[in-house]
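As stored in work30.pdb (PDB, C-alpha atoms and all ligand atoms):
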```
ATOM      1  CA  MET G 186       7.265 -16.714  11.221
ATOM      2  CA  SER G 187       3.989 -14.960  10.494
ATOM      3  CA  THR G 188       2.483 -15.327   7.040
ATOM      4  CA  THR G 189       0.496 -12.737   5.153
ATOM      5  CA  THR G 190      -3.024 -13.227   3.847
ATOM      6  CA  ILE G 191      -2.331 -13.721   0.142
ATOM      7  CA  GLN G 192       0.779 -15.818   0.728
ATOM      8  CA  ALA G 193      -1.254 -18.062   3.058
ATOM      9  CA  ALA G 194      -4.175 -18.276   0.619
ATOM     10  CA  LEU G 195      -1.861 -19.351  -2.218
ATOM     11  CA  ALA G 196      -0.113 -21.903  -0.005
ATOM     12  CA  ALA G 197      -3.423 -23.380   1.144
ATOM     13  CA  ALA G 198      -4.969 -23.512  -2.350
ATOM     14  CA  ALA G 199      -4.951 -26.831  -4.179
ATOM     15  CA  PRO G 200      -2.938 -26.747  -7.418
ATOM     16  CA  GLY G 201      -5.100 -25.626 -10.334
ATOM     17  CA  THR G 202      -7.603 -23.603  -8.297
ATOM     18  CA  ARG G 203      -8.751 -20.015  -7.766
ATOM     19  CA  VAL G 204      -8.900 -18.294  -4.389
ATOM     20  CA  GLU G 205     -10.386 -14.924  -3.450
ATOM     21  CA  GLY G 206     -10.437 -12.822  -0.352
ATOM     22  CA  THR G 207      -9.716  -9.499   1.265
ATOM     23  CA  VAL G 208      -6.611  -8.475   3.186
ATOM     24  CA  PRO G 209      -7.917  -6.787   6.349
ATOM     25  CA  VAL G 210      -6.633  -3.239   6.861
ATOM     26  CA  GLY G 211      -9.126  -1.767   9.358
ATOM     27  CA  ASN G 212     -12.725  -0.725   9.595
ATOM     28  CA  MET G 213     -15.015   2.274   9.105
ATOM     29  CA  ALA G 214     -16.885   3.965  11.959
ATOM     30  CA  SER G 215     -19.913   1.910  10.932
ATOM     31  CA  GLY G 216     -17.908  -1.248  11.344
ATOM     32  CA  ALA G 217     -17.608  -1.925   7.600
ATOM     33  CA  LEU G 218     -14.357  -3.674   6.708
ATOM     34  CA  ILE G 219     -11.602  -1.702   5.036
ATOM     35  CA  GLY G 220      -9.479  -4.168   3.114
ATOM     36  CA  LEU G 221      -7.570  -4.967  -0.043
ATOM     37  CA  PRO G 222      -9.544  -7.378  -2.262
ATOM     38  CA  PHE G 223      -7.631 -10.017  -4.217
ATOM     39  CA  VAL G 224      -8.100 -12.873  -6.656
ATOM     40  CA  ALA G 225      -5.329 -15.455  -7.027
ATOM     41  CA  LEU G 226      -4.878 -18.394  -9.370
ATOM     42  CA  ARG G 227      -2.596 -21.170  -8.251
ATOM     43  CA  GLY G 228      -1.407 -22.990 -11.314
ATOM     44  CA  ALA G 229      -1.598 -26.752 -11.676
ATOM     45  CA  ARG G 230       2.179 -26.827 -12.100
ATOM     46  CA  PRO G 231       4.893 -24.766 -10.440
ATOM     47  CA  GLY G 232       6.277 -21.755 -12.269
ATOM     48  CA  LYS G 233       6.639 -18.013 -12.054
ATOM     49  CA  THR G 234       4.244 -15.588 -10.383
ATOM     50  CA  LEU G 235       2.753 -12.483 -12.011
ATOM     51  CA  TRP G 236       1.163  -9.873  -9.735
ATOM     52  CA  ILE G 237      -1.164  -7.260 -11.205
ATOM     53  CA  ASN G 238      -2.117  -4.344  -8.977
ATOM     54  CA  GLY G 239      -5.333  -2.966 -10.517
ATOM     55  CA  GLN G 240      -4.944   0.554  -9.216
ATOM     56  CA  VAL G 241      -3.233   2.723  -6.634
ATOM     57  CA  HIS G 242      -5.230   5.804  -7.655
ATOM     58  CA  GLY G 243      -8.925   5.411  -6.857
ATOM     59  CA  ASN G 244     -10.342   6.986 -10.023
ATOM     60  CA  GLU G 245      -8.135   4.988 -12.441
ATOM     61  CA  VAL G 246     -10.275   1.941 -13.129
ATOM     62  CA  THR G 247      -9.460   0.551 -16.600
ATOM     63  CA  GLY G 248      -6.701  -1.614 -15.130
ATOM     64  CA  ILE G 249      -9.060  -3.219 -12.613
ATOM     65  CA  VAL G 250     -11.569  -4.191 -15.290
ATOM     66  CA  ALA G 251      -8.819  -5.523 -17.561
ATOM     67  CA  ALA G 252      -7.174  -7.518 -14.754
ATOM     68  CA  LEU G 253     -10.461  -9.121 -13.674
ATOM     69  CA  GLU G 254     -11.446  -9.944 -17.267
ATOM     70  CA  PHE G 255      -8.017 -11.468 -17.734
ATOM     71  CA  VAL G 256      -8.094 -13.732 -14.663
ATOM     72  CA  ASN G 257     -11.680 -14.748 -15.414
ATOM     73  CA  ALA G 258     -10.503 -15.961 -18.827
ATOM     74  CA  GLN G 259      -7.764 -18.163 -17.340
ATOM     75  CA  ASP G 260      -8.077 -21.843 -16.451
ATOM     76  CA  ALA G 261      -5.921 -22.377 -13.351
ATOM     77  CA  GLY G 262      -5.679 -26.052 -14.289
ATOM     78  CA  ARG G 263      -3.609 -25.111 -17.353
ATOM     79  CA  LEU G 264      -1.237 -22.634 -15.695
ATOM     80  CA  ALA G 265       2.388 -23.214 -14.759
ATOM     81  CA  GLY G 266       2.816 -20.684 -11.942
ATOM     82  CA  ASN G 267       0.522 -18.207 -10.274
ATOM     83  CA  ILE G 268      -1.368 -15.027 -11.085
ATOM     84  CA  VAL G 269      -2.344 -12.617  -8.304
ATOM     85  CA  VAL G 270      -4.617  -9.623  -8.824
ATOM     86  CA  THR G 271      -5.027  -7.046  -6.086
ATOM     87  CA  SER G 272      -8.021  -5.276  -7.628
ATOM     88  CA  THR G 273      -7.611  -2.012  -5.744
ATOM     89  CA  ALA G 274      -4.882  -0.946  -3.359
ATOM     90  CA  ASN G 275      -6.914   2.159  -2.532
ATOM     91  CA  PRO G 276     -10.458   0.985  -1.720
ATOM     92  CA  LEU G 277     -11.547   4.248  -0.091
ATOM     93  CA  GLY G 278     -10.384   6.333  -3.068
ATOM     94  CA  PHE G 279     -12.097   3.822  -5.373
ATOM     95  CA  ASP G 280     -15.420   3.972  -3.517
ATOM     96  CA  ALA G 281     -15.279   7.785  -3.481
ATOM     97  CA  ARG G 282     -14.332   7.994  -7.217
ATOM     98  CA  ARG G 283     -11.300  10.045  -6.209
ATOM     99  CA  LYS G 284      -7.586   9.690  -6.877
ATOM    100  CA  ASN G 285      -6.812   9.776  -3.163
ATOM    101  CA  ALA G 286      -8.697   8.425  -0.152
ATOM    102  CA  PRO G 287     -10.826  11.329   1.143
ATOM    103  CA  GLN G 288      -9.901  10.449   4.729
ATOM    104  CA  ASP G 289      -6.398  11.921   4.377
ATOM    105  CA  ASP G 290      -6.065  12.950   0.689
ATOM    106  CA  ASN G 291      -2.542  11.556   0.425
ATOM    107  CA  ASP G 292      -1.214  10.171  -2.870
ATOM    108  CA  LEU G 293      -0.800   6.414  -2.362
ATOM    109  CA  ASP G 294       1.931   6.244  -5.010
ATOM    110  CA  MET G 295       3.993   8.660  -2.919
ATOM    111  CA  SER G 296       3.269   6.843   0.363
ATOM    112  CA  PHE G 297       5.129   3.533   0.067
ATOM    113  CA  PRO G 298       6.456   1.786   2.118
ATOM    114  CA  GLY G 299       3.751   3.174   4.434
ATOM    115  CA  ARG G 300       3.478   2.550   8.150
ATOM    116  CA  ALA G 301       1.700  -0.149  10.162
ATOM    117  CA  ASN G 302       0.297   2.499  12.528
ATOM    118  CA  GLY G 303       0.157   5.396  10.058
ATOM    119  CA  TYR G 304      -2.525   7.415   8.267
ATOM    120  CA  THR G 305      -5.185   5.725   6.140
ATOM    121  CA  THR G 306      -3.146   5.839   2.922
ATOM    122  CA  GLU G 307      -0.004   4.703   4.731
ATOM    123  CA  LEU G 308      -1.952   1.676   5.982
ATOM    124  CA  PHE G 309      -2.839   0.717   2.393
ATOM    125  CA  ALA G 310       0.805   1.145   1.344
ATOM    126  CA  HIS G 311       2.076  -0.896   4.262
ATOM    127  CA  HIS G 312      -0.318  -3.792   3.743
ATOM    128  CA  LEU G 313       0.089  -4.013  -0.042
ATOM    129  CA  LEU G 314       3.893  -3.885   0.100
ATOM    130  CA  ARG G 315       3.985  -6.470   2.865
ATOM    131  CA  GLU G 316       1.735  -8.823   0.897
ATOM    132  CA  ILE G 317       3.770  -8.458  -2.304
ATOM    133  CA  ARG G 318       7.124  -8.892  -0.592
ATOM    134  CA  ALA G 319       5.927 -12.031   1.194
ATOM    135  CA  VAL G 320       4.930 -13.672  -2.102
ATOM    136  CA  ALA G 321       8.006 -12.246  -3.933
ATOM    137  CA  PRO G 322       6.475 -12.413  -7.438
ATOM    138  CA  ASP G 323       8.672 -12.536 -10.538
ATOM    139  CA  LEU G 324       6.990  -9.461 -12.006
ATOM    140  CA  VAL G 325       4.592  -6.781 -10.719
ATOM    141  CA  ILE G 326       2.523  -4.569 -13.008
ATOM    142  CA  SER G 327       1.181  -1.413 -11.358
ATOM    143  CA  MET G 328      -1.846  -0.171 -13.283
ATOM    144  CA  HIS G 329      -2.636   3.519 -13.759
ATOM    145  CA  ALA G 330      -4.742   5.626 -16.137
ATOM    146  CA  GLN G 331      -4.468   9.052 -17.714
ATOM    147  CA  GLY G 332      -6.153  12.003 -15.984
ATOM    148  CA  THR G 333      -9.481  13.164 -17.421
ATOM    149  CA  GLN G 334      -8.131  16.532 -18.684
ATOM    150  CA  THR G 335      -5.794  14.882 -21.179
ATOM    151  CA  THR G 336      -5.783  12.010 -23.644
ATOM    152  CA  SER G 337      -2.935   9.596 -24.302
ATOM    153  CA  ARG G 338      -2.219   6.279 -25.971
ATOM    154  CA  THR G 339      -1.256   3.459 -23.627
ATOM    155  CA  TYR G 340       2.280   3.924 -22.363
ATOM    156  CA  THR G 341       4.556   2.443 -19.735
ATOM    157  CA  VAL G 342       6.785   3.970 -17.081
ATOM    158  CA  TYR G 343       9.430   2.636 -14.745
ATOM    159  CA  LYS G 344      11.666   4.112 -12.104
ATOM    160  CA  GLU G 345      15.271   3.029 -11.965
ATOM    161  CA  PRO G 346      16.987   4.371  -8.847
ATOM    162  CA  PRO G 347      20.771   4.262  -9.464
ATOM    163  CA  GLU G 348      21.282   1.591  -6.793
ATOM    164  CA  ALA G 349      18.276  -0.605  -7.751
ATOM    165  CA  PRO G 350      19.094  -4.216  -8.660
ATOM    166  CA  VAL G 351      16.315  -4.197 -11.308
ATOM    167  CA  ARG G 352      17.374  -2.489 -14.567
ATOM    168  CA  GLY G 353      15.174  -1.193 -17.371
ATOM    169  CA  PRO G 354      16.136  -3.591 -20.158
ATOM    170  CA  GLN G 355      14.844  -6.604 -18.238
ATOM    171  CA  LEU G 356      11.402  -4.946 -18.152
ATOM    172  CA  PHE G 357      11.248  -4.024 -21.869
ATOM    173  CA  PRO G 358       9.912  -7.365 -23.241
ATOM    174  CA  TYR G 359       7.011  -7.257 -20.763
ATOM    175  CA  MET G 360       6.274  -3.616 -21.515
ATOM    176  CA  ALA G 361       6.144  -4.438 -25.247
ATOM    177  CA  ALA G 362       3.158  -6.723 -24.551
ATOM    178  CA  PHE G 363       1.037  -3.576 -24.101
ATOM    179  CA  GLU G 364       2.272  -2.044 -27.385
ATOM    180  CA  PRO G 365       2.968   1.249 -25.619
ATOM    181  CA  SER G 366       3.345   4.520 -27.518
ATOM    182  CA  VAL G 367       6.444   5.117 -25.385
ATOM    183  CA  ALA G 368       8.268   3.330 -22.561
ATOM    184  CA  CYS G 369       9.483   5.966 -20.144
ATOM    185  CA  ARG G 370      12.297   5.844 -17.643
ATOM    186  CA  MET G 371      11.224   8.341 -15.025
ATOM    187  CA  SER G 372      14.097  10.301 -13.600
ATOM    188  CA  VAL G 373      14.228  10.038  -9.833
ATOM    189  CA  LEU G 374      17.284  12.252  -9.458
ATOM    190  CA  PRO G 375      16.864  15.487  -7.490
ATOM    191  CA  GLY G 376      16.298  18.540  -9.693
ATOM    192  CA  SER G 377      15.054  16.581 -12.710
ATOM    193  CA  GLY G 378      12.008  18.846 -12.532
ATOM    194  CA  GLU G 379       9.827  16.191 -14.093
ATOM    195  CA  ILE G 380       6.996  15.697 -11.619
ATOM    196  CA  LEU G 381       6.868  17.180  -8.156
ATOM    197  CA  GLY G 382       6.575  14.810  -5.238
ATOM    198  CA  ASN G 383       8.095  11.925  -3.370
ATOM    199  CA  HIS G 384       9.266   9.531  -6.120
ATOM    200  CA  SER G 385      10.741   7.074  -3.629
ATOM    201  CA  GLY G 386       7.189   6.609  -2.299
ATOM    202  CA  ALA G 387       6.070   4.919  -5.538
ATOM    203  CA  LEU G 388       5.246   1.216  -5.611
ATOM    204  CA  ASP G 389       7.555   0.547  -8.582
ATOM    205  CA  TYR G 390      10.430   2.442  -6.928
ATOM    206  CA  GLN G 391      10.125   0.460  -3.698
ATOM    207  CA  LEU G 392       9.791  -2.912  -5.403
ATOM    208  CA  ASN G 393      12.602  -2.347  -7.897
ATOM    209  CA  MET G 394      14.803  -1.374  -4.953
ATOM    210  CA  ALA G 395      13.749  -4.635  -3.274
ATOM    211  CA  GLY G 396      14.723  -6.634  -6.373
ATOM    212  CA  ILE G 397      11.128  -7.353  -7.508
ATOM    213  CA  PRO G 398      10.833  -6.200 -11.158
ATOM    214  CA  THR G 399       7.961  -3.696 -11.464
ATOM    215  CA  PHE G 400       6.646  -1.189 -13.981
ATOM    216  CA  MET G 401       3.571   0.972 -14.474
ATOM    217  CA  VAL G 402       1.080   0.837 -17.353
ATOM    218  CA  GLU G 403      -0.959   3.960 -18.088
ATOM    219  CA  LEU G 404      -4.060   2.313 -19.557
ATOM    220  CA  GLY G 405      -7.059   4.357 -20.637
ATOM    221  CA  THR G 406      -8.526   7.405 -18.960
ATOM    222  CA  GLY G 407      -9.610   8.013 -15.378
ATOM    223  CA  GLN G 408     -13.136   6.893 -14.397
ATOM    224  CA  ARG G 409     -13.612   5.117 -17.746
ATOM    225  CA  ALA G 410     -13.220   1.518 -18.892
ATOM    226  CA  ASP G 411     -13.151   1.936 -22.665
ATOM    227  CA  PRO G 412     -13.575  -1.550 -24.247
ATOM    228  CA  ALA G 413     -10.633  -1.107 -26.633
ATOM    229  CA  GLU G 414      -8.335  -0.117 -23.767
ATOM    230  CA  VAL G 415      -9.595  -3.014 -21.625
ATOM    231  CA  LEU G 416      -8.828  -5.382 -24.510
ATOM    232  CA  ARG G 417      -5.323  -3.948 -24.837
ATOM    233  CA  GLY G 418      -4.812  -4.619 -21.129
ATOM    234  CA  VAL G 419      -6.152  -8.199 -21.324
ATOM    235  CA  THR G 420      -4.002  -8.951 -24.384
ATOM    236  CA  GLY G 421      -0.977  -7.438 -22.675
ATOM    237  CA  PHE G 422      -1.404  -9.490 -19.492
ATOM    238  CA  ALA G 423      -1.767 -12.646 -21.580
ATOM    239  CA  ASP G 424       1.469 -12.011 -23.485
ATOM    240  CA  VAL G 425       3.280 -11.156 -20.257
ATOM    241  CA  CYS G 426       2.161 -14.564 -18.928
ATOM    242  CA  ARG G 427       3.388 -16.268 -22.117
ATOM    243  CA  ARG G 428       6.759 -14.557 -21.772
ATOM    244  CA  LEU G 429       6.918 -15.684 -18.123
ATOM    245  CA  GLY G 430       6.012 -19.240 -19.108
ATOM    246  CA  ILE G 431       2.821 -19.201 -16.995
ATOM    247  CA  VAL G 432       0.589 -19.599 -20.061
ATOM    248  CA  ASP G 433       1.387 -21.676 -23.181
ATOM    249  CA  GLY G 434       1.119 -20.485 -26.741
ATOM    250  CA  ALA G 435       2.406 -18.001 -29.271
ATOM    251  CA  LEU G 436       2.587 -14.280 -28.501
ATOM    252  CA  GLN G 437      -0.417 -12.282 -29.704
ATOM    253  CA  THR G 438       1.387  -8.949 -29.927
ATOM    254  CA  GLY G 439       4.260  -8.236 -32.235
ATOM    255  CA  MET G 440       5.981  -5.068 -31.115
ATOM    256  CA  ARG G 441       9.681  -5.338 -31.974
ATOM    257  CA  VAL G 442      10.945  -1.842 -31.149
ATOM    258  CA  LEU G 443      10.184   0.305 -28.116
ATOM    259  CA  ARG G 444      10.599   4.058 -28.058
ATOM    260  CA  HIS G 445      12.531   4.321 -24.801
ATOM    261  CA  VAL G 446      12.129   7.809 -23.366
ATOM    262  CA  THR G 447      14.777   9.186 -21.011
ATOM    263  CA  ARG G 448      13.625  12.810 -20.668
ATOM    264  CA  ARG G 449      10.069  14.118 -20.401
ATOM    265  CA  GLY G 450       8.448  17.408 -19.595
ATOM    266  CA  HIS G 451       5.192  19.269 -19.240
ATOM    267  CA  PHE G 452       4.134  22.111 -21.475
ATOM    268  CA  PRO G 453       2.659  25.019 -19.487
ATOM    269  CA  VAL G 454       1.086  27.960 -21.298
ATOM    270  CA  ALA G 455       1.244  31.682 -20.546
ATOM    271  CA  HIS G 456      -2.277  32.702 -21.570
ATOM    272  CA  GLY G 457      -5.651  31.611 -20.275
ATOM    273  CA  GLY G 458      -8.429  30.761 -22.726
ATOM    274  CA  LEU G 459      -9.566  27.734 -24.733
ATOM    275  CA  PHE G 460      -6.924  25.268 -25.926
ATOM    276  CA  ARG G 461      -7.469  23.625 -29.317
ATOM    277  CA  PRO G 462      -5.094  20.672 -29.818
ATOM    278  CA  ARG G 463      -3.475  20.184 -33.258
ATOM    279  CA  GLN G 464      -1.503  17.018 -32.474
ATOM    280  CA  LYS G 465      -2.332  13.514 -31.344
ATOM    281  CA  PRO G 466      -0.819  11.345 -28.622
ATOM    282  CA  GLY G 467       2.003   9.126 -29.835
ATOM    283  CA  GLU G 468       2.933  11.467 -32.724
ATOM    284  CA  VAL G 469       6.339  13.016 -33.297
ATOM    285  CA  VAL G 470       6.174  16.816 -33.548
ATOM    286  CA  ARG G 471       9.075  18.539 -35.308
ATOM    287  CA  ALA G 472      10.810  21.627 -33.922
ATOM    288  CA  GLY G 473       8.805  24.756 -34.760
ATOM    289  CA  GLU G 474       5.453  22.985 -35.214
ATOM    290  CA  ALA G 475       2.518  24.132 -33.084
ATOM    291  CA  LEU G 476       0.956  21.733 -30.547
ATOM    292  CA  GLY G 477      -2.272  23.713 -30.775
ATOM    293  CA  GLU G 478      -3.563  27.181 -30.133
ATOM    294  CA  ILE G 479      -5.252  29.131 -27.390
ATOM    295  CA  LEU G 480      -8.327  31.120 -28.261
ATOM    296  CA  SER G 481      -9.120  33.989 -25.893
ATOM    297  CA  ILE G 482     -12.610  34.303 -24.497
ATOM    298  CA  HIS G 483     -13.124  37.107 -27.069
ATOM    299  CA  GLY G 484     -12.200  34.761 -29.935
ATOM    300  CA  HIS G 485      -8.614  35.766 -30.725
ATOM    301  CA  VAL G 486      -5.665  33.382 -31.012
ATOM    302  CA  VAL G 487      -3.427  34.573 -28.188
ATOM    303  CA  GLU G 488      -0.827  31.787 -28.086
ATOM    304  CA  ARG G 489       0.483  28.903 -30.194
ATOM    305  CA  PRO G 490       2.461  26.568 -27.945
ATOM    306  CA  THR G 491       5.298  25.460 -30.232
ATOM    307  CA  ALA G 492       7.754  22.563 -30.039
ATOM    308  CA  PRO G 493      11.200  23.963 -29.141
ATOM    309  CA  GLN G 494      12.774  20.756 -30.514
ATOM    310  CA  ASP G 495      11.580  17.443 -31.933
ATOM    311  CA  LEU G 496       9.349  15.722 -29.377
ATOM    312  CA  ILE G 497       6.761  12.970 -28.949
ATOM    313  CA  ILE G 498       3.325  13.799 -27.585
ATOM    314  CA  ILE G 499       2.725  11.446 -24.653
ATOM    315  CA  ALA G 500      -0.535  13.121 -23.611
ATOM    316  CA  ILE G 501      -2.354  16.209 -24.855
ATOM    317  CA  ARG G 502      -5.073  18.267 -23.263
ATOM    318  CA  VAL G 503      -8.691  17.613 -24.251
ATOM    319  CA  ASP G 504     -10.348  19.810 -21.607
ATOM    320  CA  PRO G 505     -10.091  23.156 -23.432
ATOM    321  CA  VAL G 506     -10.354  25.476 -20.430
ATOM    322  CA  VAL G 507      -6.855  26.649 -19.465
ATOM    323  CA  HIS G 508      -5.464  29.325 -17.199
ATOM    324  CA  SER G 509      -1.956  30.797 -17.223
ATOM    325  CA  GLY G 510       0.424  28.076 -16.022
ATOM    326  CA  ASP G 511      -1.858  25.153 -16.914
ATOM    327  CA  ARG G 512      -0.305  22.272 -18.839
ATOM    328  CA  VAL G 513      -1.486  21.482 -22.345
ATOM    329  CA  ALA G 514       0.800  18.550 -23.126
ATOM    330  CA  TYR G 515       3.095  15.974 -21.618
ATOM    331  CA  VAL G 516       5.946  15.319 -24.000
ATOM    332  CA  ALA G 517       9.097  13.253 -24.528
ATOM    333  CA  TYR G 518      12.242  15.248 -25.338
ATOM    334  CA  GLU G 519      14.795  12.438 -25.549
ATOM    335  CA  TRP G 520      14.273   8.890 -26.750
ATOM    336  CA  THR G 521      15.987   6.000 -28.452
ATOM    337  CA  GLU G 522      14.529   3.014 -30.274
ATOM    338  CA  VAL G 523      15.407  -0.219 -28.531
ATOM    339  CA  PRO G 524      14.761  -3.728 -29.928
ATOM    340  CA  VAL G 525      12.727  -6.120 -27.785
TER
HETATM  341 ZN    ZN G 601      -2.167   6.875 -11.344
END
```
Would you encode the structure as structure tokens?
Amino acid sequence: MSTTTIQAALAAAAPGTRVEGTVPVGNMASGALIGLPFVALRGARPGKTLWINGQVHGNEVTGIVAALEFVNAQDAGRLAGNIVVTSTANPLGFDARRKNAPQDDNDLDMSFPGRANGYTTELFAHHLLREIRAVAPDLVISMHAQGTQTTSRTYTVYKEPPEAPVRGPQLFPYMAAFEPSVACRMSVLPGSGEILGNHSGALDYQLNMAGIPTFMVELGTGQRADPAEVLRGVTGFADVCRRLGIVDGALQTGMRVLRHVTRRGHFPVAHGGLFRPRQKPGEVVRAGEALGEILSIHGHVVERPTAPQDLIIIAIRVDPVVHSGDRVAYVAYEWTEVPV
């Protein structure tokens, strides 16, 4: 039976030590290695395994910084279990400061399970999924960040295909460690109209189908590593490890109720101009209240996007330049409060 790189590195590591390396994927024309970098802590005692994937989208970097700060703060000699960080699953997108690898411009989170002899992005998907499945961690956290046109508070997302053995409620206590503004179940049913694209190609979809519990954290904003957001990530990883029994000690976060969102939508506008937001991420907006207004280039208010029903602002636009059809907010239409 062949072993994978990270599985082999963990098996070879002495208890209570740290190992680092790169999973080889291929090479550039110049000969430079293309690979998936990782850091792994093998605990002194056996226990559960947490896997943090720092990014799938190359310009979303807060999660990488938080994950590396977190593992650097851990003493492997005191852990019961293992922590694996794959810093970037998309090294060519990361180097280029782009969401997608410029070589093929495919979205990695729509490319899983990938192909061993596929396009660049499919190679990344194939190798990461193979490495994770070989180790079979108890929990995987897939880190993302908000796009630069909008602002949000940290939130979490999971996909729950009807036939998946992993169900949302088992993820909620771990999500609460990040004190998310909302915890969203993303509909993967055809015609949900939520986000266009191949949902089954997402890392969390594939792993939840494989029985490996996985969710996404939207931490911070693209191409930024805001210190407060990094701290939220580090604190969240630590409490996840306490809940998994990998790290000792009392929980540092105290969220008791999650706002579990089951329907979301975007808010496109009809008029071009300059959008001025009037609401903040995480806030409830009542039916009939304006989300903001659009000022025409001649200075007139030409549109007030208005809540058709009560909703929660997940993200709201901060780049004011909008054209007809652009989105000014990402909102939750249906939610319940669930205890954790
Ligand atoms: Zn992303």
Next on the checklist: I'd like the neighbourhood of Pro490 (chain G) as an MDAnalysis selection string, where a residue qualifies if any of its atoms comes within 9 Å (using all atoms listed in the file), though same-chain residues fewer than 4 positions away should be ignored.
Outcome noted: chainID G and resid 452:454 474:479 513
Next on the checklist: If we count only C-alpha atoms and set the cut-off at 12 Å, which residues sit around Gly239 (chain G), ignoring sequence neighbours fewer than 6 positions away in its own chain? Please answer as number ranges by chain.
Outcome noted: G: 221-224, 245-256, 269-276, 279, 313, 325-330, 401-404, 415, 418, 422
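Interatomic distance, CA of Ile501 (chain G) against CA of Thr438 (chain G): 25.9 Å.
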Excluding Ala455 (chain G) and any residue of its chain fewer than 2 positions from it, enumerate the residues within 7 Å of it, using all atoms listed in the file, and give them as a JSON list (two decimals) with C-alpha atoms, in the coordinates of the input.
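Final output, part_23.json:
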```
[["chain", "number", "residue", "atom", "x", "y", "z"],
["G", 453, "PRO", "CA", 2.66, 25.02, -19.49],
["G", 457, "GLY", "CA", -5.65, 31.61, -20.27],
["G", 509, "SER", "CA", -1.96, 30.80, -17.22],
["G", 510, "GLY", "CA", 0.42, 28.08, -16.02]]
```
Item to check | Polymer residues at most 9 Å from Gly278 (chain G), all atoms listed in the file, same-chain spacing of 2 or more positions, as a list in words | outcome: Val241, His242, Gly243, Asn244, Asn275, Pro276, Asp280, Ala281, Arg282, Arg283, Lys284, Asn285, Ala286, Pro287, Gln288 and Asp290 of chain G
Checklist entry - Rounded to one decimal in Å, what is the spacing between CA of Asp511 (chain G) and CA of His445 (chain G)? => result 26.5 Å
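The closest residue to Gly450 (chain G), picked from G:Glu307, G:Glu519, G:Asp389, G:Asp260 and counting only C-alpha atoms, is G:Glu519.
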Checklist entry - Using all atoms listed in the file, which of G:Val367, G:Val419, G:Met295, G:Leu459 sits nearest Thr521 (chain G)? => result G:Val367
Item to check | Hits of the PyMOL selection byres (((chain G and resi 430) around 10) and not hetatm) in this structure, as JSON, numbers by chain | outcome: {"G": [232, 233, 234, 264, 265, 266, 424, 425, 426, 427, 428, 429, 431, 432, 433, 434]}
Put those residues in a file: C-alpha atoms, as a PDB file, keeping the file's coordinate frame.
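And here is the file that came out, part-v6.pdb:
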```pdb
ATOM      1  CA  GLY G 232       6.277 -21.755 -12.269  1.00  0.00           C
ATOM      2  CA  LYS G 233       6.639 -18.013 -12.054  1.00  0.00           C
ATOM      3  CA  THR G 234       4.244 -15.588 -10.383  1.00  0.00           C
ATOM      4  CA  LEU G 264      -1.237 -22.634 -15.695  1.00  0.00           C
ATOM      5  CA  ALA G 265       2.388 -23.214 -14.759  1.00  0.00           C
ATOM      6  CA  GLY G 266       2.816 -20.684 -11.942  1.00  0.00           C
ATOM      7  CA  ASP G 424       1.469 -12.011 -23.485  1.00  0.00           C
ATOM      8  CA  VAL G 425       3.280 -11.156 -20.257  1.00  0.00           C
ATOM      9  CA  CYS G 426       2.161 -14.564 -18.928  1.00  0.00           C
ATOM     10  CA  ARG G 427       3.388 -16.268 -22.117  1.00  0.00           C
ATOM     11  CA  ARG G 428       6.759 -14.557 -21.772  1.00  0.00           C
ATOM     12  CA  LEU G 429       6.918 -15.684 -18.123  1.00  0.00           C
ATOM     13  CA  ILE G 431       2.821 -19.201 -16.995  1.00  0.00           C
ATOM     14  CA  VAL G 432       0.589 -19.599 -20.061  1.00  0.00           C
ATOM     15  CA  ASP G 433       1.387 -21.676 -23.181  1.00  0.00           C
ATOM     16  CA  GLY G 434       1.119 -20.485 -26.741  1.00  0.00           C
TER      17      GLY G 434
END
```
